[in-house]
Amino acid sequence: MLYAYPCDLAVDEDGRFVATFPDVPEAITDGKDRAEALEMASDALATALAGYVHQHWEIPLPGKASPGQESVPVIPVVAAKLALYSAMKLQRVSKVELGRRLGISEGAVRRLTNPDHRSHMSQVHRALDAVGCTVTLDVSAA
């Protein structure tokens, strides 16, 4: 799954650019200009999606960006953690079971699945392998 969500930008009454996400209504931010709003949008998106994990909600699938919308990607390590969370939920793999598969403690798995906790991508990649998922990074020109 590609973790890039369509973003609407609108100018408010104070002249600030407000960024919202139709697929993740909890992600709202703004900036003094378009560039700052989009930079802040990536952080707001990651924070809102982390909230979905903490609430044990399904991660919403991103829709396709319409004309006039920007596509805002989730930070790669956070996207990998969201994929891990979703795969575990779909397969009903507990943190204890994933820890057993990886040879690590349940506490270490809790940190790996927490989007707010700093983890090395290699650790998350290994955990994704343990649930039958692979990571592909797509880099494109801005």
# chains A, B, ... in the order shown; residues from 1 in each chain; ligands from 1
>>> closest_atom_pairs(of="range 36-82 of chain A", to="range 10-29 of chain A", cutoff="8 Å", atoms="only C-alpha atoms", output="JSON lines")
{"residue": "A:Ala37", "atom": "CA", "partner": "A:Phe17", "partner_atom": "CA", "distance": 5.9}
{"residue": "A:Leu38", "atom": "CA", "partner": "A:Ala19", "partner_atom": "CA", "distance": 7.1}
{"residue": "A:Met40", "atom": "CA", "partner": "A:Thr29", "partner_atom": "CA", "distance": 6.4}
{"residue": "A:Ala41", "atom": "CA", "partner": "A:Thr29", "partner_atom": "CA", "distance": 6.1}
{"residue": "A:Ala44", "atom": "CA", "partner": "A:Ala27", "partner_atom": "CA", "distance": 5.2}
{"residue": "A:Leu45", "atom": "CA", "partner": "A:Ala27", "partner_atom": "CA", "distance": 5.2}
{"residue": "A:Thr47", "atom": "CA", "partner": "A:Ala27", "partner_atom": "CA", "distance": 7.5}
{"residue": "A:Ala48", "atom": "CA", "partner": "A:Ala27", "partner_atom": "CA", "distance": 5.3}
{"residue": "A:Leu49", "atom": "CA", "partner": "A:Val24", "partner_atom": "CA", "distance": 7.6}
{"residue": "A:Pro60", "atom": "CA", "partner": "A:Asp23", "partner_atom": "CA", "distance": 6.5}
{"residue": "A:Leu61", "atom": "CA", "partner": "A:Asp23", "partner_atom": "CA", "distance": 7.3}
{"residue": "A:Pro62", "atom": "CA", "partner": "A:Asp23", "partner_atom": "CA", "distance": 6.1}
{"residue": "A:Gly63", "atom": "CA", "partner": "A:Asp23", "partner_atom": "CA", "distance": 6.9}
>>> select_by_dssp(residues="range 4-74 of chain A", states="strand (DSSP E)", output="PyMOL selection string")
chain A and resi 4-11+17-20+28-31+70-73
>>> write_last_selection(atoms="N, CA, C and O atoms", output="mmCIF file, in the first residue's frame")
data_model
loop_
_atom_site.group_PDB
_atom_site.id
_atom_site.type_symbol
_atom_site.label_atom_id
_atom_site.label_comp_id
_atom_site.auth_asym_id
_atom_site.auth_seq_id
_atom_site.Cartn_x
_atom_site.Cartn_y
_atom_site.Cartn_z
ATOM 1 N N ALA A 4 0.337 7.620 0.938
ATOM 2 C CA ALA A 4 0.332 9.025 0.520
ATOM 3 C C ALA A 4 -1.138 9.429 0.399
ATOM 4 O O ALA A 4 -1.903 8.783 -0.316
ATOM 5 N N TYR A 5 -1.507 10.452 1.117
ATOM 6 C CA TYR A 5 -2.913 10.835 1.239
ATOM 7 C C TYR A 5 -3.195 12.156 0.533
ATOM 8 O O TYR A 5 -2.387 13.089 0.607
ATOM 9 N N PRO A 6 -4.367 12.249 -0.134
ATOM 10 C CA PRO A 6 -4.745 13.517 -0.761
ATOM 11 C C PRO A 6 -4.993 14.592 0.291
ATOM 12 O O PRO A 6 -5.576 14.331 1.340
ATOM 13 N N CYS A 7 -4.510 15.774 -0.020
ATOM 14 C CA CYS A 7 -4.578 16.901 0.908
ATOM 15 C C CYS A 7 -5.226 18.093 0.204
ATOM 16 O O CYS A 7 -4.864 18.419 -0.929
ATOM 17 N N ASP A 8 -6.166 18.704 0.888
ATOM 18 C CA ASP A 8 -6.779 19.936 0.396
ATOM 19 C C ASP A 8 -6.101 21.124 1.067
ATOM 20 O O ASP A 8 -5.872 21.108 2.277
ATOM 21 N N LEU A 9 -5.783 22.129 0.287
ATOM 22 C CA LEU A 9 -5.223 23.376 0.818
ATOM 23 C C LEU A 9 -6.206 24.504 0.542
ATOM 24 O O LEU A 9 -6.707 24.646 -0.575
ATOM 25 N N ALA A 10 -6.492 25.273 1.576
ATOM 26 C CA ALA A 10 -7.386 26.421 1.432
ATOM 27 C C ALA A 10 -6.802 27.580 2.236
ATOM 28 O O ALA A 10 -6.132 27.371 3.242
ATOM 29 N N VAL A 11 -7.053 28.773 1.773
ATOM 30 C CA VAL A 11 -6.582 29.972 2.470
ATOM 31 C C VAL A 11 -7.691 30.429 3.414
ATOM 32 O O VAL A 11 -8.843 30.591 2.998
ATOM 33 N N PHE A 17 -2.513 29.197 4.959
ATOM 34 C CA PHE A 17 -2.875 28.033 4.166
ATOM 35 C C PHE A 17 -3.213 26.883 5.126
ATOM 36 O O PHE A 17 -2.373 26.459 5.919
ATOM 37 N N VAL A 18 -4.441 26.394 5.040
ATOM 38 C CA VAL A 18 -4.916 25.323 5.906
ATOM 39 C C VAL A 18 -4.906 24.017 5.112
ATOM 40 O O VAL A 18 -5.450 23.942 4.010
ATOM 41 N N ALA A 19 -4.279 22.988 5.699
ATOM 42 C CA ALA A 19 -4.191 21.674 5.068
ATOM 43 C C ALA A 19 -5.107 20.707 5.803
ATOM 44 O O ALA A 19 -5.041 20.597 7.030
ATOM 45 N N THR A 20 -5.978 20.032 5.043
ATOM 46 C CA THR A 20 -6.869 19.013 5.594
ATOM 47 C C THR A 20 -6.804 17.772 4.712
ATOM 48 O O THR A 20 -6.399 17.849 3.548
ATOM 49 N N ILE A 28 -5.229 18.099 10.623
ATOM 50 C CA ILE A 28 -5.472 19.483 10.197
ATOM 51 C C ILE A 28 -4.281 20.315 10.669
ATOM 52 O O ILE A 28 -3.859 20.202 11.820
ATOM 53 N N THR A 29 -3.765 21.148 9.782
ATOM 54 C CA THR A 29 -2.677 22.041 10.159
ATOM 55 C C THR A 29 -2.702 23.246 9.229
ATOM 56 O O THR A 29 -3.530 23.337 8.327
ATOM 57 N N ASP A 30 -1.778 24.151 9.442
ATOM 58 C CA ASP A 30 -1.695 25.314 8.558
ATOM 59 C C ASP A 30 -0.259 25.807 8.490
ATOM 60 O O ASP A 30 0.614 25.329 9.202
ATOM 61 N N GLY A 31 -0.059 26.772 7.615
ATOM 62 C CA GLY A 31 1.249 27.391 7.457
ATOM 63 C C GLY A 31 1.084 28.775 6.875
ATOM 64 O O GLY A 31 0.023 29.111 6.334
ATOM 65 N N GLU A 70 -3.073 17.987 -3.289
ATOM 66 C CA GLU A 70 -1.684 17.534 -3.188
ATOM 67 C C GLU A 70 -1.702 16.122 -2.613
ATOM 68 O O GLU A 70 -2.600 15.775 -1.845
ATOM 69 N N SER A 71 -0.713 15.322 -2.965
ATOM 70 C CA SER A 71 -0.548 14.007 -2.369
ATOM 71 C C SER A 71 0.578 14.114 -1.344
ATOM 72 O O SER A 71 1.706 14.443 -1.695
ATOM 73 N N VAL A 72 0.257 13.863 -0.079
ATOM 74 C CA VAL A 72 1.225 14.022 1.005
ATOM 75 C C VAL A 72 1.608 12.638 1.522
ATOM 76 O O VAL A 72 0.754 11.911 2.033
ATOM 77 N N PRO A 73 2.880 12.283 1.394
ATOM 78 C CA PRO A 73 3.308 10.963 1.884
ATOM 79 C C PRO A 73 3.556 10.973 3.393
ATOM 80 O O PRO A 73 3.921 11.990 3.971
#
>>> closest_residue(among="A:Glu58, A:Ala46, A:Glu39, A:Lys89", to="Val74 in chain A", atoms="only C-alpha atoms")
A:Ala46
>>> select_by_dssp(residues="chain A", states="helix (DSSP H, G or I)", output="PyMOL selection string")
chain A and resi 34-54+76-91+95-102+106-113+121-130
>>> closest_residue(among="A:Val139, A:Met121, A:Ala50, A:Ala130", to="Arg100 in chain A", atoms="only C-alpha atoms")
A:Ala130
>>> residues_around(residues="Val93 in chain A", least_positions_apart="2", cutoff="12 Å", atoms="only C-alpha atoms", output="list in words")
Leu84, Tyr85, Ser86, Ala87, Met88, Lys89, Leu90, Gln91, Lys95, Val96, Glu97, Leu98, Gly99, Arg100, Arg101, Val109, Ala127, Leu128, Ala130, Val131 and Gly132 of chain A
>>> write_last_selection(atoms="N, CA, C and O atoms", output="mmCIF file, in the first residue's frame")
data_model
loop_
_atom_site.group_PDB
_atom_site.id
_atom_site.type_symbol
_atom_site.label_atom_id
_atom_site.label_comp_id
_atom_site.auth_asym_id
_atom_site.auth_seq_id
_atom_site.Cartn_x
_atom_site.Cartn_y
_atom_site.Cartn_z
ATOM 1 N N LEU A 84 2.943 -2.499 9.394
ATOM 2 C CA LEU A 84 3.121 -3.570 10.364
ATOM 3 C C LEU A 84 1.887 -3.700 11.243
ATOM 4 O O LEU A 84 1.355 -4.803 11.442
ATOM 5 N N TYR A 85 1.403 -2.585 11.765
ATOM 6 C CA TYR A 85 0.189 -2.583 12.589
ATOM 7 C C TYR A 85 -0.983 -3.196 11.822
ATOM 8 O O TYR A 85 -1.696 -4.068 12.344
ATOM 9 N N SER A 86 -1.171 -2.770 10.569
ATOM 10 C CA SER A 86 -2.291 -3.267 9.761
ATOM 11 C C SER A 86 -2.162 -4.756 9.474
ATOM 12 O O SER A 86 -3.151 -5.503 9.539
ATOM 13 N N ALA A 87 -0.953 -5.212 9.153
ATOM 14 C CA ALA A 87 -0.736 -6.632 8.870
ATOM 15 C C ALA A 87 -0.992 -7.471 10.113
ATOM 16 O O ALA A 87 -1.613 -8.551 10.034
ATOM 17 N N MET A 88 -0.510 -7.014 11.253
ATOM 18 C CA MET A 88 -0.743 -7.751 12.502
ATOM 19 C C MET A 88 -2.236 -7.834 12.811
ATOM 20 O O MET A 88 -2.733 -8.881 13.218
ATOM 21 N N LYS A 89 -2.940 -6.739 12.607
ATOM 22 C CA LYS A 89 -4.382 -6.698 12.873
ATOM 23 C C LYS A 89 -5.121 -7.645 11.923
ATOM 24 O O LYS A 89 -5.973 -8.424 12.356
ATOM 25 N N LEU A 90 -4.776 -7.595 10.655
ATOM 26 C CA LEU A 90 -5.426 -8.436 9.653
ATOM 27 C C LEU A 90 -5.187 -9.926 9.921
ATOM 28 O O LEU A 90 -6.097 -10.752 9.810
ATOM 29 N N GLN A 91 -3.948 -10.256 10.283
ATOM 30 C CA GLN A 91 -3.584 -11.654 10.508
ATOM 31 C C GLN A 91 -3.836 -12.120 11.946
ATOM 32 O O GLN A 91 -3.602 -13.279 12.271
ATOM 33 N N LYS A 95 1.249 -9.051 19.764
ATOM 34 C CA LYS A 95 2.607 -8.547 20.005
ATOM 35 C C LYS A 95 3.475 -9.643 20.616
ATOM 36 O O LYS A 95 4.662 -9.744 20.297
ATOM 37 N N VAL A 96 2.878 -10.464 21.450
ATOM 38 C CA VAL A 96 3.618 -11.587 22.041
ATOM 39 C C VAL A 96 4.050 -12.556 20.944
ATOM 40 O O VAL A 96 5.206 -13.012 20.916
ATOM 41 N N GLU A 97 3.136 -12.842 20.017
ATOM 42 C CA GLU A 97 3.466 -13.771 18.930
ATOM 43 C C GLU A 97 4.536 -13.189 18.014
ATOM 44 O O GLU A 97 5.470 -13.890 17.616
ATOM 45 N N LEU A 98 4.430 -11.912 17.687
ATOM 46 C CA LEU A 98 5.461 -11.311 16.840
ATOM 47 C C LEU A 98 6.802 -11.321 17.565
ATOM 48 O O LEU A 98 7.839 -11.599 16.961
ATOM 49 N N GLY A 99 6.788 -11.057 18.864
ATOM 50 C CA GLY A 99 8.015 -11.126 19.651
ATOM 51 C C GLY A 99 8.630 -12.514 19.597
ATOM 52 O O GLY A 99 9.849 -12.660 19.458
ATOM 53 N N ARG A 100 7.787 -13.535 19.668
ATOM 54 C CA ARG A 100 8.282 -14.909 19.576
ATOM 55 C C ARG A 100 8.932 -15.159 18.215
ATOM 56 O O ARG A 100 10.016 -15.721 18.125
ATOM 57 N N ARG A 101 8.277 -14.688 17.164
ATOM 58 C CA ARG A 101 8.818 -14.881 15.805
ATOM 59 C C ARG A 101 10.158 -14.166 15.625
ATOM 60 O O ARG A 101 11.025 -14.637 14.896
ATOM 61 N N VAL A 109 8.436 -5.204 20.888
ATOM 62 C CA VAL A 109 7.442 -5.172 19.799
ATOM 63 C C VAL A 109 6.523 -3.962 19.979
ATOM 64 O O VAL A 109 6.179 -3.299 19.000
ATOM 65 N N ALA A 127 10.503 -6.978 11.172
ATOM 66 C CA ALA A 127 9.192 -7.316 11.721
ATOM 67 C C ALA A 127 8.169 -7.505 10.599
ATOM 68 O O ALA A 127 7.338 -8.427 10.660
ATOM 69 N N LEU A 128 8.228 -6.670 9.583
ATOM 70 C CA LEU A 128 7.327 -6.832 8.437
ATOM 71 C C LEU A 128 7.581 -8.167 7.737
ATOM 72 O O LEU A 128 6.629 -8.853 7.340
ATOM 73 N N ALA A 130 8.511 -10.813 9.146
ATOM 74 C CA ALA A 130 7.967 -11.855 10.029
ATOM 75 C C ALA A 130 6.453 -12.031 9.878
ATOM 76 O O ALA A 130 5.909 -13.056 10.267
ATOM 77 N N VAL A 131 5.779 -11.030 9.311
ATOM 78 C CA VAL A 131 4.339 -11.154 9.047
ATOM 79 C C VAL A 131 4.044 -11.266 7.546
ATOM 80 O O VAL A 131 2.919 -11.081 7.106
ATOM 81 N N GLY A 132 5.093 -11.571 6.780
ATOM 82 C CA GLY A 132 4.916 -11.833 5.350
ATOM 83 C C GLY A 132 4.760 -10.618 4.471
ATOM 84 O O GLY A 132 4.184 -10.697 3.381
#
>>> closest_residue(among="A:Arg126, A:Pro67, A:Pro76, A:Glu106", to="Asp138 in chain A", atoms="only C-alpha atoms")
A:Pro76
>>> atom_distance(atom1="CA of Val53 in chain A", atom2="CA of Ser66 in chain A")
26.8 Å
